[in-house]
$ cat final06.pdb   # PDB, C-alpha atoms and all ligand atoms
ATOM      1  CA  MET A   1      41.697  29.308 -21.223
ATOM      2  CA  ILE A   2      41.903  26.841 -24.092
ATOM      3  CA  ILE A   3      44.689  26.944 -26.690
ATOM      4  CA  HIS A   4      44.528  24.959 -29.940
ATOM      5  CA  SER A   5      46.601  25.264 -33.093
ATOM      6  CA  LEU A   6      46.215  24.189 -36.708
ATOM      7  CA  GLY A   7      49.422  22.181 -36.380
ATOM      8  CA  GLU A   8      48.024  19.934 -33.678
ATOM      9  CA  VAL A   9      44.915  19.191 -35.778
ATOM     10  CA  LEU A  10      46.542  18.327 -39.124
ATOM     11  CA  GLY A  11      46.715  14.596 -39.787
ATOM     12  CA  THR A  12      44.397  13.715 -36.887
ATOM     13  CA  GLY A  13      40.716  12.838 -36.610
ATOM     14  CA  ARG A  14      40.026  16.563 -36.328
ATOM     15  CA  GLU A  15      41.015  16.994 -39.975
ATOM     16  CA  VAL A  16      37.787  15.918 -41.661
ATOM     17  CA  ARG A  17      37.335  15.591 -45.426
ATOM     18  CA  GLY A  18      34.311  15.508 -47.693
ATOM     19  CA  PRO A  19      33.897  15.895 -51.453
ATOM     20  CA  GLY A  20      35.458  19.290 -52.256
ATOM     21  CA  TRP A  21      36.391  20.335 -48.708
ATOM     22  CA  THR A  22      38.774  19.696 -45.863
ATOM     23  CA  SER A  23      37.825  21.016 -42.436
ATOM     24  CA  ARG A  24      40.421  21.424 -39.717
ATOM     25  CA  ARG A  25      38.298  21.420 -36.579
ATOM     26  CA  LEU A  26      39.939  23.706 -34.076
ATOM     27  CA  LEU A  27      37.181  24.179 -31.549
ATOM     28  CA  LEU A  28      34.485  21.582 -30.830
ATOM     29  CA  ALA A  29      31.488  21.039 -28.565
ATOM     30  CA  GLU A  30      33.755  19.415 -25.983
ATOM     31  CA  ASP A  31      35.476  22.780 -25.556
ATOM     32  CA  ARG A  32      32.182  24.106 -24.161
ATOM     33  CA  ALA A  33      32.286  27.466 -25.939
ATOM     34  CA  GLY A  34      28.719  27.157 -27.292
ATOM     35  CA  PHE A  35      30.008  27.277 -30.882
ATOM     36  CA  SER A  36      32.655  25.453 -32.904
ATOM     37  CA  MET A  37      35.292  26.811 -35.282
ATOM     38  CA  ASN A  38      36.975  25.259 -38.310
ATOM     39  CA  ASP A  39      39.744  26.325 -40.656
ATOM     40  CA  THR A  40      38.318  24.999 -43.919
ATOM     41  CA  VAL A  41      39.922  24.734 -47.358
ATOM     42  CA  LEU A  42      38.322  24.057 -50.727
ATOM     43  CA  PRO A  43      40.228  23.379 -53.956
ATOM     44  CA  ALA A  44      39.649  25.544 -57.027
ATOM     45  CA  GLY A  45      36.502  24.412 -58.814
ATOM     46  CA  ALA A  46      34.801  22.928 -55.746
ATOM     47  CA  GLU A  47      31.025  23.295 -55.669
ATOM     48  CA  LEU A  48      29.137  22.401 -52.498
ATOM     49  CA  GLU A  49      25.350  22.155 -52.226
ATOM     50  CA  LEU A  50      24.637  22.922 -48.580
ATOM     51  CA  TRP A  51      21.583  23.154 -46.406
ATOM     52  CA  TYR A  52      22.444  23.350 -42.739
ATOM     53  CA  ALA A  53      18.995  22.519 -41.444
ATOM     54  CA  ASN A  54      20.361  21.874 -37.953
ATOM     55  CA  HIS A  55      23.027  24.575 -37.677
ATOM     56  CA  VAL A  56      23.765  28.217 -38.321
ATOM     57  CA  GLU A  57      27.150  28.746 -39.972
ATOM     58  CA  ALA A  58      29.226  31.898 -40.310
ATOM     59  CA  VAL A  59      31.924  31.734 -42.990
ATOM     60  CA  TYR A  60      34.703  34.322 -42.970
ATOM     61  CA  VAL A  61      36.900  34.213 -46.061
ATOM     62  CA  LEU A  62      40.646  34.281 -45.464
ATOM     63  CA  GLU A  63      42.030  33.313 -48.862
ATOM     64  CA  GLY A  64      40.763  32.810 -52.400
ATOM     65  CA  ARG A  65      37.757  33.827 -54.428
ATOM     66  CA  GLY A  66      34.374  32.312 -55.020
ATOM     67  CA  GLU A  67      30.661  32.868 -54.681
ATOM     68  CA  VAL A  68      27.728  31.744 -52.606
ATOM     69  CA  ALA A  69      24.286  31.385 -54.195
ATOM     70  CA  ASP A  70      21.304  31.762 -51.859
ATOM     71  CA  HIS A  71      18.597  29.448 -53.172
ATOM     72  CA  GLU A  72      15.863  31.275 -51.252
ATOM     73  CA  THR A  73      16.502  34.711 -52.737
ATOM     74  CA  GLY A  74      18.257  33.730 -55.967
ATOM     75  CA  GLU A  75      21.075  36.128 -55.085
ATOM     76  CA  VAL A  76      24.700  35.265 -55.796
ATOM     77  CA  HIS A  77      27.265  36.938 -53.526
ATOM     78  CA  ARG A  78      30.907  37.371 -54.436
ATOM     79  CA  LEU A  79      33.362  35.960 -51.919
ATOM     80  CA  GLU A  80      36.875  37.247 -51.364
ATOM     81  CA  PRO A  81      39.131  37.730 -48.353
ATOM     82  CA  GLY A  82      37.449  39.816 -45.665
ATOM     83  CA  VAL A  83      33.882  38.849 -46.638
ATOM     84  CA  LEU A  84      31.626  36.987 -44.206
ATOM     85  CA  TYR A  85      28.353  35.226 -44.891
ATOM     86  CA  LEU A  86      25.929  33.731 -42.433
ATOM     87  CA  ALA A  87      23.874  30.738 -43.533
ATOM     88  CA  ALA A  88      20.928  30.522 -41.159
ATOM     89  CA  HIS A  89      19.312  27.371 -42.541
ATOM     90  CA  GLU A  90      19.057  28.676 -46.123
ATOM     91  CA  ARG A  91      19.781  26.245 -48.901
ATOM     92  CA  HIS A  92      22.895  27.518 -50.666
ATOM     93  CA  THR A  93      25.664  26.613 -53.089
ATOM     94  CA  LEU A  94      29.273  27.533 -52.359
ATOM     95  CA  ARG A  95      31.604  27.706 -55.371
ATOM     96  CA  ALA A  96      35.356  28.128 -55.073
ATOM     97  CA  HIS A  97      36.831  29.812 -58.137
ATOM     98  CA  THR A  98      40.354  29.495 -56.749
ATOM     99  CA  GLN A  99      41.760  27.579 -53.835
ATOM    100  CA  PHE A 100      39.695  28.907 -50.973
ATOM    101  CA  ARG A 101      40.200  29.092 -47.220
ATOM    102  CA  ALA A 102      37.736  30.265 -44.607
ATOM    103  CA  VAL A 103      37.024  30.233 -40.902
ATOM    104  CA  CYS A 104      33.696  28.457 -40.340
ATOM    105  CA  VAL A 105      31.800  28.892 -37.068
ATOM    106  CA  PHE A 106      28.866  26.636 -36.243
ATOM    107  CA  THR A 107      26.156  26.810 -33.635
ATOM    108  CA  PRO A 108      25.183  24.460 -32.140
ATOM    109  CA  PRO A 109      28.811  23.368 -32.062
ATOM    110  CA  LEU A 110      30.093  20.459 -34.148
ATOM    111  CA  THR A 111      31.278  17.465 -32.129
ATOM    112  CA  GLY A 112      34.105  16.473 -34.471
ATOM    113  CA  GLY A 113      33.424  14.027 -37.276
ATOM    114  CA  GLU A 114      30.395  15.517 -39.012
ATOM    115  CA  VAL A 115      30.121  15.132 -42.785
ATOM    116  CA  HIS A 116      27.216  16.297 -44.950
ATOM    117  CA  ASP A 117      24.176  14.078 -45.431
ATOM    118  CA  GLU A 118      22.366  13.759 -48.770
ATOM    119  CA  ASN A 119      20.725  17.189 -48.225
ATOM    120  CA  GLY A 120      23.979  18.985 -47.427
ATOM    121  CA  ALA A 121      23.281  19.114 -43.678
ATOM    122  CA  PHE A 122      25.315  18.012 -40.708
ATOM    123  CA  PRO A 123      23.402  15.807 -38.270
ATOM    124  CA  LEU A 124      22.471  17.204 -34.907
ATOM    125  CA  PRO A 125      24.435  15.517 -32.110
ATOM    126  CA  SER A 126      22.624  13.448 -29.546
ATOM    127  CA  GLU A 127      22.075  15.257 -26.237
ATOM    128  CA  PRO A 128      25.101  13.888 -24.266
ATOM    129  CA  ASP A 129      27.540  15.044 -26.989
ATOM    130  CA  ARG A 130      26.373  18.674 -27.062
TER     131      ARG A 130
HETATM  132  C1  LIG B   1      31.833  26.549 -46.162
HETATM  133  C2  LIG B   1      31.317  25.213 -45.859
HETATM  134  O1  LIG B   1      30.255  25.090 -45.325
HETATM  135  N1  LIG B   1      32.092  24.175 -46.220
HETATM  136  C3  LIG B   1      31.787  22.827 -45.847
HETATM  137  C4  LIG B   1      32.605  22.381 -44.671
HETATM  138  C5  LIG B   1      32.189  23.034 -43.378
HETATM  139  N2  LIG B   1      32.140  24.445 -43.425
HETATM  140  C6  LIG B   1      33.193  22.645 -42.308
HETATM  141  O2  LIG B   1      34.058  23.460 -41.984
HETATM  142  O3  LIG B   1      33.099  21.530 -41.801
END
$ encode --input "final06.pdb" --output "structure tokens" --more "lines below"
Ligand SMILES: CC(=O)NCC[C@H](N)C(=O)O
Amino acid sequence: MIIHSLGEVLGTGREVRGPGWTSRRLLLAEDRAGFSMNDTVLPAGAELELWYANHVEAVYVLEGRGEVADHETGEVHRLEPGVLYLAAHERHTLRAHTQFRAVCVFTPPLTGGEVHDENGAFPLPSEPDR
């Protein structure tokens, strides 16, 4: 069994920041679960253009309100605590209307330091890191 806590991640290399987001990476590829899990916070007003070409991401909202716009369908979905969305390679925009906190699960698992590239994707790790 593996035990991690938010407290042990804060202020370390597992607390990764990008424009409009901070991701506390609780579970990583090295934990060998087949997925990774982050506790991610966005400030009010954050707007992220995302396109996880290499990953599928499930986002489960814990705190705050916002919306996610699916660029493929044109639909805009309201986000509030208890709502989950799955981004399976669709281009999308996440907007936080208030401070926002969510659990984010990625497959294949993140290895730790990923930040978005110019398309809003995380790079795929090289084979030995997976
Ligand atoms: C919801 C979302 O995709 N935010 C960007 C950060 C990412 N989810 C992460 O936790 O690293």
$ axis_aligned_box --input "final06.pdb" --around "ligand LIG 1 (chain B)" --padding-each-side "4 Å" --output "lines of an AutoDock Vina configuration file"
center_x = 32.2
center_y = 24.0
center_z = -44.0
size_x = 11.8
size_y = 13.0
size_z = 12.4
$ residues_near_ligand --input "final06.pdb" --ligand "ligand LIG 1 (chain B)" --cutoff "6 Å" --atoms "all atoms listed in the file" --output "list of chain:residue names"
A:Trp21, A:Ser23, A:Asn38, A:Thr40, A:Cys104
$ resolve_selection --input "final06.pdb" --expression "the PyMOL selection byres (((chain A and resi 66-69) around 6) and not hetatm)" --output "PyMOL selection string"
chain A and resi 65+70+75-79+92-97
$ resolve_selection --input "final06.pdb" --expression "the PyMOL selection byres (((chain A and resi 58) around 12) and not hetatm)" --output "list in words"
Phe35, Ser36, Met37, Asn38, Asp39, Thr40, Tyr52, His55, Val56, Glu57, Val59, Tyr60, Val61, Val83, Leu84, Tyr85, Leu86, Ala87, Ala88, His89, Ala102, Val103, Cys104, Val105, Phe106, Thr107, Pro108 and Pro109 of chain A
$ resolve_selection --input "final06.pdb" --expression "the PyMOL selection byres (((chain A and resi 44) around 6) and not hetatm)" --output "list in words"
Pro43, Gly45, Ala46, Ala96, His97, Thr98 and Gln99 of chain A
$ closest_residue --input "final06.pdb" --among "A:Arg91, A:Arg32, A:Arg101, A:His71" --to "Ile2 (chain A)" --atoms "only C-alpha atoms"
A:Arg32
$ closest_residue --input "final06.pdb" --among "A:Glu30, A:Phe100, A:Thr73, A:Val115" --to "Glu15 (chain A)" --atoms "only C-alpha atoms"
A:Val115
$ closest_residue --input "final06.pdb" --among "A:Glu72, A:Pro19, A:Gly7, A:Val41" --to "Asp117 (chain A)" --atoms "only C-alpha atoms"
A:Pro19
$ atom_distance --input "final06.pdb" --atom1 "CA of Val9 (chain A)" --atom2 "CA of Gly112 (chain A)"
11.2 Å
$ closest_residue --input "final06.pdb" --among "A:Leu124, A:Gly74, A:Met1, A:Glu114" --to "Ala33 (chain A)" --atoms "all atoms listed in the file"
A:Met1
$ closest_residue --input "final06.pdb" --among "A:Asn54, A:Glu80, A:Gly11, A:Leu110" --to "Leu27 (chain A)" --atoms "all atoms listed in the file"
A:Leu110
$ residues_near_point --input "final06.pdb" --point "(41.4, 37.9, -44.4)" --cutoff "7 Å" --atoms "all atoms listed in the file" --output "list of chain:residue names"
A:Val61, A:Leu62, A:Glu63, A:Pro81, A:Gly82
$ residues_around --input "final06.pdb" --residues "Arg14 (chain A)" --least-positions-apart "2" --cutoff "6 Å" --atoms "all atoms listed in the file" --output "MDAnalysis selection string"
chainID A and resid 9 12 16 24:25
$ atom_distance --input "final06.pdb" --atom1 "CA of Gly13 (chain A)" --atom2 "CA of Gly113 (chain A)"
7.4 Å
$ atom_distance --input "final06.pdb" --atom1 "CA of Leu28 (chain A)" --atom2 "CA of Thr111 (chain A)"
5.4 Å
$ closest_residue --input "final06.pdb" --among "A:Leu50, A:Glu8, A:Ile3, A:Arg17" --to "Asp31 (chain A)" --atoms "only C-alpha atoms"
A:Ile3
$ build_atoms --input "final06.pdb" --residues "region 60-92 of chain A" --atoms "N, CA and C atoms" --output "short mmCIF file (atom, residue, chain, number, x, y, z; two decimals), in the frame of the given file"
data_model
loop_
_atom_site.label_atom_id
_atom_site.label_comp_id
_atom_site.auth_asym_id
_atom_site.auth_seq_id
_atom_site.Cartn_x
_atom_site.Cartn_y
_atom_site.Cartn_z
N TYR A 60 33.89 33.12 -42.79
CA TYR A 60 34.70 34.32 -42.97
C TYR A 60 35.88 33.96 -43.88
N VAL A 61 35.92 34.60 -45.04
CA VAL A 61 36.90 34.21 -46.06
C VAL A 61 38.28 34.78 -45.73
N LEU A 62 39.26 33.88 -45.70
CA LEU A 62 40.65 34.28 -45.46
C LEU A 62 41.43 34.38 -46.76
N GLU A 63 41.24 33.39 -47.63
CA GLU A 63 42.03 33.31 -48.86
C GLU A 63 41.15 32.81 -50.00
N GLY A 64 41.41 33.32 -51.20
CA GLY A 64 40.76 32.81 -52.40
C GLY A 64 39.53 33.60 -52.79
N ARG A 65 38.94 33.16 -53.90
CA ARG A 65 37.76 33.83 -54.43
C ARG A 65 36.71 32.79 -54.79
N GLY A 66 35.46 33.22 -54.69
CA GLY A 66 34.37 32.31 -55.02
C GLY A 66 33.06 33.04 -54.95
N GLU A 67 31.99 32.26 -54.79
CA GLU A 67 30.66 32.87 -54.68
C GLU A 67 29.77 31.93 -53.88
N VAL A 68 28.75 32.54 -53.28
CA VAL A 68 27.73 31.74 -52.61
C VAL A 68 26.38 32.16 -53.18
N ALA A 69 25.62 31.15 -53.62
CA ALA A 69 24.29 31.38 -54.20
C ALA A 69 23.25 31.01 -53.14
N ASP A 70 22.38 31.97 -52.83
CA ASP A 70 21.30 31.76 -51.86
C ASP A 70 20.08 31.26 -52.64
N HIS A 71 19.69 30.04 -52.39
CA HIS A 71 18.60 29.45 -53.17
C HIS A 71 17.24 30.05 -52.82
N GLU A 72 17.15 30.69 -51.65
CA GLU A 72 15.86 31.28 -51.25
C GLU A 72 15.62 32.59 -51.95
N THR A 73 16.67 33.39 -52.13
CA THR A 73 16.50 34.71 -52.74
C THR A 73 16.94 34.73 -54.20
N GLY A 74 17.71 33.74 -54.61
CA GLY A 74 18.26 33.73 -55.97
C GLY A 74 19.50 34.59 -56.10
N GLU A 75 19.90 35.24 -55.02
CA GLU A 75 21.08 36.13 -55.08
C GLU A 75 22.37 35.33 -55.07
N VAL A 76 23.36 35.86 -55.79
CA VAL A 76 24.70 35.26 -55.80
C VAL A 76 25.65 36.32 -55.25
N HIS A 77 26.38 35.98 -54.20
CA HIS A 77 27.26 36.94 -53.53
C HIS A 77 28.71 36.57 -53.80
N ARG A 78 29.49 37.59 -54.17
CA ARG A 78 30.91 37.37 -54.44
C ARG A 78 31.66 37.18 -53.13
N LEU A 79 32.57 36.24 -53.11
CA LEU A 79 33.36 35.96 -51.92
C LEU A 79 34.83 36.23 -52.20
N GLU A 80 35.44 36.94 -51.29
CA GLU A 80 36.88 37.25 -51.36
C GLU A 80 37.34 37.50 -49.94
N PRO A 81 38.64 37.56 -49.72
CA PRO A 81 39.13 37.73 -48.35
C PRO A 81 38.51 38.95 -47.67
N GLY A 82 38.06 38.74 -46.43
CA GLY A 82 37.45 39.82 -45.66
C GLY A 82 35.94 39.81 -45.72
N VAL A 83 35.34 38.93 -46.55
CA VAL A 83 33.88 38.85 -46.64
C VAL A 83 33.38 37.72 -45.73
N LEU A 84 32.27 37.99 -45.06
CA LEU A 84 31.63 36.99 -44.21
C LEU A 84 30.21 36.74 -44.71
N TYR A 85 29.79 35.48 -44.72
CA TYR A 85 28.35 35.23 -44.89
C TYR A 85 27.85 34.34 -43.76
N LEU A 86 26.59 34.53 -43.47
CA LEU A 86 25.93 33.73 -42.43
C LEU A 86 24.84 32.92 -43.11
N ALA A 87 24.91 31.61 -42.98
CA ALA A 87 23.87 30.74 -43.53
C ALA A 87 23.03 30.25 -42.37
N ALA A 88 21.83 30.85 -42.27
CA ALA A 88 20.93 30.52 -41.16
C ALA A 88 19.83 29.62 -41.70
N HIS A 89 20.20 28.42 -42.05
CA HIS A 89 19.31 27.37 -42.54
C HIS A 89 18.90 27.54 -44.00
N GLU A 90 19.42 28.56 -44.72
CA GLU A 90 19.06 28.68 -46.12
C GLU A 90 19.80 27.62 -46.93
N ARG A 91 19.11 27.10 -47.92
CA ARG A 91 19.78 26.24 -48.90
C ARG A 91 20.73 27.12 -49.71
N HIS A 92 21.96 26.68 -49.92
CA HIS A 92 22.90 27.52 -50.67
C HIS A 92 23.94 26.67 -51.37
#
